[in-house]
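Structure data follow from upload-v6.pdb (PDB, C-alpha atoms):
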```pdb
ATOM      1  CA  MET I   1     -51.292 -35.702 -22.102
ATOM      2  CA  GLY I   2     -54.336 -36.514 -24.197
ATOM      3  CA  THR I   3     -57.719 -37.534 -22.807
ATOM      4  CA  ARG I   4     -56.512 -40.572 -20.868
ATOM      5  CA  LYS I   5     -58.034 -40.880 -17.406
ATOM      6  CA  LYS I   6     -54.799 -40.871 -15.469
ATOM      7  CA  VAL I   7     -53.231 -38.629 -12.877
ATOM      8  CA  HIS I   8     -50.000 -37.025 -14.038
ATOM      9  CA  ALA I   9     -47.353 -35.778 -11.618
ATOM     10  CA  PHE I  10     -44.655 -33.262 -12.479
ATOM     11  CA  VAL I  11     -42.125 -31.420 -10.330
ATOM     12  CA  ARG I  12     -40.943 -27.950 -11.209
ATOM     13  CA  VAL I  13     -37.799 -26.728  -9.499
ATOM     14  CA  LYS I  14     -37.615 -22.984  -9.941
ATOM     15  CA  PRO I  15     -34.310 -21.335 -10.832
ATOM     16  CA  THR I  16     -32.397 -20.139  -7.782
ATOM     17  CA  ASP I  17     -28.864 -19.066  -6.896
ATOM     18  CA  GLU I  18     -29.006 -21.145  -3.698
ATOM     19  CA  PHE I  19     -29.989 -24.547  -5.097
ATOM     20  CA  ALA I  20     -29.429 -27.472  -2.699
ATOM     21  CA  HIS I  21     -27.095 -29.508  -4.960
ATOM     22  CA  GLU I  22     -25.964 -31.701  -2.078
ATOM     23  CA  MET I  23     -29.554 -32.711  -1.263
ATOM     24  CA  ILE I  24     -31.370 -33.045  -4.603
ATOM     25  CA  ARG I  25     -30.339 -35.249  -7.523
ATOM     26  CA  TYR I  26     -32.197 -35.691 -10.795
ATOM     27  CA  GLY I  27     -32.359 -38.924 -12.751
ATOM     28  CA  ASP I  28     -30.889 -38.984 -16.255
ATOM     29  CA  ASP I  29     -34.346 -39.922 -17.548
ATOM     30  CA  LYS I  30     -35.761 -36.521 -16.393
ATOM     31  CA  ARG I  31     -38.550 -38.488 -14.699
ATOM     32  CA  SER I  32     -37.091 -39.159 -11.270
ATOM     33  CA  ILE I  33     -35.799 -37.138  -8.354
ATOM     34  CA  ASN I  34     -33.835 -38.280  -5.306
ATOM     35  CA  ILE I  35     -33.632 -36.362  -2.048
ATOM     36  CA  HIS I  36     -30.939 -37.012   0.564
ATOM     37  CA  LEU I  37     -30.676 -35.416   4.005
ATOM     38  CA  LYS I  38     -27.694 -35.748   6.306
ATOM     39  CA  LYS I  39     -28.333 -37.665   9.515
ATOM     40  CA  ASP I  40     -28.983 -35.506  12.543
ATOM     41  CA  ILE I  41     -26.101 -36.480  14.837
ATOM     42  CA  ARG I  42     -27.887 -34.879  17.789
ATOM     43  CA  ARG I  43     -30.243 -37.884  17.775
ATOM     44  CA  GLY I  44     -27.484 -40.152  19.054
ATOM     45  CA  VAL I  45     -26.002 -43.481  18.045
ATOM     46  CA  VAL I  46     -29.315 -45.270  17.458
ATOM     47  CA  ASN I  47     -30.824 -43.081  14.779
ATOM     48  CA  ASN I  48     -33.592 -44.460  12.594
ATOM     49  CA  GLN I  49     -34.199 -41.129  10.906
ATOM     50  CA  GLN I  50     -35.141 -41.519   7.235
ATOM     51  CA  THR I  51     -32.613 -39.700   5.073
ATOM     52  CA  ASP I  52     -33.425 -40.754   1.498
ATOM     53  CA  TRP I  53     -36.492 -40.415  -0.708
ATOM     54  CA  SER I  54     -36.908 -41.326  -4.361
ATOM     55  CA  PHE I  55     -39.812 -40.230  -6.568
ATOM     56  CA  LYS I  56     -40.802 -41.449 -10.039
ATOM     57  CA  LEU I  57     -42.800 -38.847 -11.967
ATOM     58  CA  ASP I  58     -44.130 -38.035 -15.414
ATOM     59  CA  GLY I  59     -41.513 -35.307 -15.648
ATOM     60  CA  VAL I  60     -39.030 -33.157 -13.761
ATOM     61  CA  LEU I  61     -38.843 -29.563 -14.959
ATOM     62  CA  HIS I  62     -35.575 -28.211 -13.576
ATOM     63  CA  ASP I  63     -34.922 -24.489 -14.182
ATOM     64  CA  ALA I  64     -37.890 -24.518 -16.562
ATOM     65  CA  SER I  65     -39.497 -21.316 -17.768
ATOM     66  CA  GLN I  66     -43.161 -20.593 -17.116
ATOM     67  CA  ASP I  67     -43.844 -21.069 -20.842
ATOM     68  CA  LEU I  68     -42.273 -24.547 -20.838
ATOM     69  CA  VAL I  69     -44.259 -25.499 -17.719
ATOM     70  CA  TYR I  70     -47.495 -24.382 -19.395
ATOM     71  CA  GLU I  71     -46.716 -26.237 -22.630
ATOM     72  CA  THR I  72     -45.732 -29.425 -20.797
ATOM     73  CA  VAL I  73     -48.275 -29.535 -17.983
ATOM     74  CA  ALA I  74     -51.242 -27.228 -18.484
ATOM     75  CA  LYS I  75     -51.904 -26.713 -22.183
ATOM     76  CA  ASP I  76     -53.936 -29.897 -22.740
ATOM     77  CA  VAL I  77     -55.853 -29.499 -19.458
ATOM     78  CA  VAL I  78     -56.805 -25.901 -20.288
ATOM     79  CA  SER I  79     -57.804 -26.857 -23.829
ATOM     80  CA  GLN I  80     -60.000 -29.701 -22.583
ATOM     81  CA  ALA I  81     -61.564 -27.444 -19.941
ATOM     82  CA  LEU I  82     -62.537 -24.993 -22.686
ATOM     83  CA  ASN I  83     -64.254 -27.929 -24.436
ATOM     84  CA  GLY I  84     -66.287 -28.749 -21.323
ATOM     85  CA  TYR I  85     -64.126 -31.419 -19.643
ATOM     86  CA  ASN I  86     -63.032 -31.312 -16.017
ATOM     87  CA  GLY I  87     -59.384 -30.856 -15.190
ATOM     88  CA  ASN I  88     -57.265 -29.891 -12.196
ATOM     89  CA  LEU I  89     -53.860 -28.293 -11.841
ATOM     90  CA  ILE I  90     -52.455 -28.123  -8.331
ATOM     91  CA  ASN I  91     -49.628 -25.795  -7.522
TER      92      ASN I  91
END
```

Entire entry expressed as structure tokens:
Amino acid sequence: MGTRKKVHAFVRVKPTDEFAHEMIRYGDDKRSINIHLKKDIRRGVVNNQQTDWSFKLDGVLHDASQDLVYETVAKDVVSQALNGYNGNLIN
């Protein structure tokens, strides 16, 4: 990440046996994620419910270990903090 003054955004999807494959799709670039929800038919014929979201990120960490998450996201921030710079990690 370096010392650039820029906000970085990553998504970590933890390993699970019940992953929502029908709702979440990852981009081939490993930097985008698409979410799709089925329309709620109980809302009737005129239904303006939003069902799709797309996010562009600095990285998508799917089934990533804690070590990989640290190396990718936190290592530089922690190192800079130890040298007196400010840094934030939000979980």

Put the listed atoms of segment 64-81 of chain I in a box along x, y and z with 4 Å added on every side and give me the centre and edge lengths in Å to one decimal, as JSON.
```
{"center_x": -49.7, "center_y": -25.2, "center_z": -20.2, "size_x": 31.7, "size_y": 17.3, "size_z": 15.3}
```

message: Which residues are close to segment 54-58 of chain I, i.e. within 9 Å by all atoms listed in the file, leaving aside same-chain residues fewer than 3 positions away? Reply as a list in words.
response: His8, Ala9, Phe10, Val11, Lys30, Arg31, Ser32, Ile33, Asn34, Ile35 and His36 of chain I

Same residues, C-alpha atoms, saved as a PDB file, keeping the file's coordinate frame:
```pdb
ATOM      1  CA  HIS I   8     -50.000 -37.025 -14.038  1.00  0.00           C
ATOM      2  CA  ALA I   9     -47.353 -35.778 -11.618  1.00  0.00           C
ATOM      3  CA  PHE I  10     -44.655 -33.262 -12.479  1.00  0.00           C
ATOM      4  CA  VAL I  11     -42.125 -31.420 -10.330  1.00  0.00           C
ATOM      5  CA  LYS I  30     -35.761 -36.521 -16.393  1.00  0.00           C
ATOM      6  CA  ARG I  31     -38.550 -38.488 -14.699  1.00  0.00           C
ATOM      7  CA  SER I  32     -37.091 -39.159 -11.270  1.00  0.00           C
ATOM      8  CA  ILE I  33     -35.799 -37.138  -8.354  1.00  0.00           C
ATOM      9  CA  ASN I  34     -33.835 -38.280  -5.306  1.00  0.00           C
ATOM     10  CA  ILE I  35     -33.632 -36.362  -2.048  1.00  0.00           C
ATOM     11  CA  HIS I  36     -30.939 -37.012   0.564  1.00  0.00           C
TER      12      HIS I  36
END
```

What would the selection look like, as a CSV table (one decimal) with C-alpha atoms, keeping the file's coordinate frame, if the PyMOL selection byres ((chain I and resi 39) around 12) were run on the coordinates I just shared?
```
chain,number,residue,atom,x,y,z
I,23,MET,CA,-29.6,-32.7,-1.3
I,36,HIS,CA,-30.9,-37.0,0.6
I,37,LEU,CA,-30.7,-35.4,4.0
I,38,LYS,CA,-27.7,-35.7,6.3
I,40,ASP,CA,-29.0,-35.5,12.5
I,41,ILE,CA,-26.1,-36.5,14.8
I,42,ARG,CA,-27.9,-34.9,17.8
I,43,ARG,CA,-30.2,-37.9,17.8
I,44,GLY,CA,-27.5,-40.2,19.1
I,45,VAL,CA,-26.0,-43.5,18.0
I,46,VAL,CA,-29.3,-45.3,17.5
I,47,ASN,CA,-30.8,-43.1,14.8
I,48,ASN,CA,-33.6,-44.5,12.6
I,49,GLN,CA,-34.2,-41.1,10.9
I,50,GLN,CA,-35.1,-41.5,7.2
I,51,THR,CA,-32.6,-39.7,5.1
I,52,ASP,CA,-33.4,-40.8,1.5
```

query: Which residues, written as a PyMOL selection string, have at least one atom at most 7 Å from His62 of chain I, with all atoms listed in the file counted and residues fewer than 2 positions away on the same chain left out?
result: chain I and resi 12-14+60+64

task: Record the distance separating atom CA of Asp76 of chain I and atom CA of Gly59 of chain I, expressed in Å with one decimal.
output: 15.3 Å

- prompt: With all atoms listed in the file as the atoms that count, which of I:Asp28, I:Asp17, I:Glu22, I:Ile90 lies nearest to Val77 of chain I?
  reply: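 Checking each candidate against Val77 of chain I, we get I:Ile90 as the closest.
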
- prompt: What is the atom CA of Gln80 of chain I-atom CA of Asp29 of chain I distance in Å, reported with one decimal?
  reply: 28.1 Å

- prompt: Please, what distance in Å, to one decimal, runs between atom CA of Trp53 of chain I and atom CA of Pro15 of chain I?
  reply: 21.7 Å

field: Pick from I:His21, I:Val7, I:Tyr85, I:Thr16 nearest to Val73 of chain I, counting all atoms listed in the file
entry: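 Closest to Val73 of chain I of all the choices is I:Val7.
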
Reconstructed segment 26-37 of chain I, atom set all heavy atoms, as a PDB file, in the coordinates of the input:
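Wrote result.pdb, looks like this:
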```
ATOM      1  N   TYR I  26     -31.220 -35.361  -9.757  1.00  0.00           N
ATOM      2  CA  TYR I  26     -32.197 -35.691 -10.795  1.00  0.00           C
ATOM      3  C   TYR I  26     -31.735 -36.922 -11.547  1.00  0.00           C
ATOM      4  O   TYR I  26     -30.542 -37.090 -11.808  1.00  0.00           O
ATOM      5  CB  TYR I  26     -32.342 -34.531 -11.780  1.00  0.00           C
ATOM      6  CG  TYR I  26     -32.775 -33.260 -11.121  1.00  0.00           C
ATOM      7  CD1 TYR I  26     -31.878 -32.229 -10.911  1.00  0.00           C
ATOM      8  CD2 TYR I  26     -34.075 -33.102 -10.689  1.00  0.00           C
ATOM      9  CE1 TYR I  26     -32.269 -31.066 -10.286  1.00  0.00           C
ATOM     10  CE2 TYR I  26     -34.469 -31.947 -10.056  1.00  0.00           C
ATOM     11  CZ  TYR I  26     -33.574 -30.929  -9.861  1.00  0.00           C
ATOM     12  OH  TYR I  26     -33.969 -29.790  -9.231  1.00  0.00           O
ATOM     13  N   GLY I  27     -32.688 -37.760 -11.940  1.00  0.00           N
ATOM     14  CA  GLY I  27     -32.359 -38.924 -12.751  1.00  0.00           C
ATOM     15  C   GLY I  27     -32.047 -38.502 -14.178  1.00  0.00           C
ATOM     16  O   GLY I  27     -32.546 -37.477 -14.653  1.00  0.00           O
ATOM     17  N   ASP I  28     -31.226 -39.275 -14.858  1.00  0.00           N
ATOM     18  CA  ASP I  28     -30.889 -38.984 -16.255  1.00  0.00           C
ATOM     19  C   ASP I  28     -32.113 -39.047 -17.162  1.00  0.00           C
ATOM     20  O   ASP I  28     -32.128 -38.446 -18.229  1.00  0.00           O
ATOM     21  CB  ASP I  28     -29.818 -39.949 -16.755  1.00  0.00           C
ATOM     22  CG  ASP I  28     -28.485 -39.731 -16.058  1.00  0.00           C
ATOM     23  OD1 ASP I  28     -28.221 -38.594 -15.613  1.00  0.00           O
ATOM     24  OD2 ASP I  28     -27.706 -40.704 -15.968  1.00  0.00           O
ATOM     25  N   ASP I  29     -33.136 -39.775 -16.745  1.00  0.00           N
ATOM     26  CA  ASP I  29     -34.346 -39.922 -17.548  1.00  0.00           C
ATOM     27  C   ASP I  29     -35.272 -38.709 -17.468  1.00  0.00           C
ATOM     28  O   ASP I  29     -36.279 -38.650 -18.157  1.00  0.00           O
ATOM     29  CB  ASP I  29     -35.109 -41.170 -17.121  1.00  0.00           C
ATOM     30  CG  ASP I  29     -35.541 -41.134 -15.649  1.00  0.00           C
ATOM     31  OD1 ASP I  29     -35.211 -40.165 -14.935  1.00  0.00           O
ATOM     32  OD2 ASP I  29     -36.200 -42.102 -15.227  1.00  0.00           O
ATOM     33  N   LYS I  30     -34.944 -37.731 -16.625  1.00  0.00           N
ATOM     34  CA  LYS I  30     -35.761 -36.521 -16.393  1.00  0.00           C
ATOM     35  C   LYS I  30     -37.171 -36.880 -15.915  1.00  0.00           C
ATOM     36  O   LYS I  30     -38.125 -36.153 -16.122  1.00  0.00           O
ATOM     37  CB  LYS I  30     -35.813 -35.643 -17.637  1.00  0.00           C
ATOM     38  CG  LYS I  30     -34.448 -35.135 -18.032  1.00  0.00           C
ATOM     39  CD  LYS I  30     -34.515 -34.126 -19.115  1.00  0.00           C
ATOM     40  CE  LYS I  30     -33.095 -33.790 -19.511  1.00  0.00           C
ATOM     41  NZ  LYS I  30     -32.891 -32.481 -19.969  1.00  0.00           N
ATOM     42  N   ARG I  31     -37.275 -38.037 -15.242  1.00  0.00           N
ATOM     43  CA  ARG I  31     -38.550 -38.488 -14.699  1.00  0.00           C
ATOM     44  C   ARG I  31     -38.428 -38.964 -13.259  1.00  0.00           C
ATOM     45  O   ARG I  31     -39.358 -39.533 -12.718  1.00  0.00           O
ATOM     46  CB  ARG I  31     -39.127 -39.629 -15.550  1.00  0.00           C
ATOM     47  CG  ARG I  31     -39.555 -39.181 -16.917  1.00  0.00           C
ATOM     48  CD  ARG I  31     -40.075 -40.360 -17.715  1.00  0.00           C
ATOM     49  NE  ARG I  31     -40.702 -39.914 -18.921  1.00  0.00           N
ATOM     50  CZ  ARG I  31     -42.010 -39.823 -19.094  1.00  0.00           C
ATOM     51  NH1 ARG I  31     -42.829 -40.179 -18.146  1.00  0.00           N
ATOM     52  NH2 ARG I  31     -42.505 -39.393 -20.228  1.00  0.00           N
ATOM     53  N   SER I  32     -37.269 -38.737 -12.661  1.00  0.00           N
ATOM     54  CA  SER I  32     -37.091 -39.159 -11.270  1.00  0.00           C
ATOM     55  C   SER I  32     -36.271 -38.113 -10.523  1.00  0.00           C
ATOM     56  O   SER I  32     -35.483 -37.380 -11.108  1.00  0.00           O
ATOM     57  CB  SER I  32     -36.417 -40.530 -11.199  1.00  0.00           C
ATOM     58  OG  SER I  32     -35.160 -40.496 -11.826  1.00  0.00           O
ATOM     59  N   ILE I  33     -36.502 -38.078  -9.218  1.00  0.00           N
ATOM     60  CA  ILE I  33     -35.799 -37.138  -8.354  1.00  0.00           C
ATOM     61  C   ILE I  33     -35.476 -37.861  -7.054  1.00  0.00           C
ATOM     62  O   ILE I  33     -36.286 -38.638  -6.554  1.00  0.00           O
ATOM     63  CB  ILE I  33     -36.640 -35.866  -8.128  1.00  0.00           C
ATOM     64  CG1 ILE I  33     -35.836 -34.796  -7.400  1.00  0.00           C
ATOM     65  CG2 ILE I  33     -37.934 -36.165  -7.425  1.00  0.00           C
ATOM     66  CD1 ILE I  33     -36.510 -33.440  -7.389  1.00  0.00           C
ATOM     67  N   ASN I  34     -34.281 -37.655  -6.549  1.00  0.00           N
ATOM     68  CA  ASN I  34     -33.835 -38.280  -5.306  1.00  0.00           C
ATOM     69  C   ASN I  34     -33.453 -37.180  -4.324  1.00  0.00           C
ATOM     70  O   ASN I  34     -32.737 -36.240  -4.683  1.00  0.00           O
ATOM     71  CB  ASN I  34     -32.631 -39.184  -5.553  1.00  0.00           C
ATOM     72  CG  ASN I  34     -32.965 -40.297  -6.516  1.00  0.00           C
ATOM     73  OD1 ASN I  34     -33.866 -41.079  -6.278  1.00  0.00           O
ATOM     74  ND2 ASN I  34     -32.250 -40.367  -7.617  1.00  0.00           N
ATOM     75  N   ILE I  35     -33.912 -37.332  -3.091  1.00  0.00           N
ATOM     76  CA  ILE I  35     -33.632 -36.362  -2.048  1.00  0.00           C
ATOM     77  C   ILE I  35     -32.852 -37.068  -0.948  1.00  0.00           C
ATOM     78  O   ILE I  35     -33.232 -38.159  -0.518  1.00  0.00           O
ATOM     79  CB  ILE I  35     -34.941 -35.798  -1.463  1.00  0.00           C
ATOM     80  CG1 ILE I  35     -35.869 -35.382  -2.579  1.00  0.00           C
ATOM     81  CG2 ILE I  35     -34.666 -34.752  -0.413  1.00  0.00           C
ATOM     82  CD1 ILE I  35     -36.250 -34.007  -2.749  1.00  0.00           C
ATOM     83  N   HIS I  36     -31.766 -36.448  -0.497  1.00  0.00           N
ATOM     84  CA  HIS I  36     -30.939 -37.012   0.564  1.00  0.00           C
ATOM     85  C   HIS I  36     -30.686 -35.947   1.622  1.00  0.00           C
ATOM     86  O   HIS I  36     -30.260 -34.840   1.313  1.00  0.00           O
ATOM     87  CB  HIS I  36     -29.602 -37.501   0.009  1.00  0.00           C
ATOM     88  CG  HIS I  36     -28.649 -37.931   1.084  1.00  0.00           C
ATOM     89  ND1 HIS I  36     -28.808 -39.120   1.767  1.00  0.00           N
ATOM     90  CD2 HIS I  36     -27.571 -37.331   1.623  1.00  0.00           C
ATOM     91  CE1 HIS I  36     -27.844 -39.218   2.666  1.00  0.00           C
ATOM     92  NE2 HIS I  36     -27.078 -38.145   2.600  1.00  0.00           N
ATOM     93  N   LEU I  37     -30.967 -36.291   2.869  1.00  0.00           N
ATOM     94  CA  LEU I  37     -30.676 -35.416   4.005  1.00  0.00           C
ATOM     95  C   LEU I  37     -29.578 -36.051   4.843  1.00  0.00           C
ATOM     96  O   LEU I  37     -29.523 -37.275   4.979  1.00  0.00           O
ATOM     97  CB  LEU I  37     -31.917 -35.230   4.890  1.00  0.00           C
ATOM     98  CG  LEU I  37     -33.139 -34.601   4.243  1.00  0.00           C
ATOM     99  CD1 LEU I  37     -34.283 -34.562   5.239  1.00  0.00           C
ATOM    100  CD2 LEU I  37     -32.823 -33.214   3.748  1.00  0.00           C
TER     101      LEU I  37
END
```
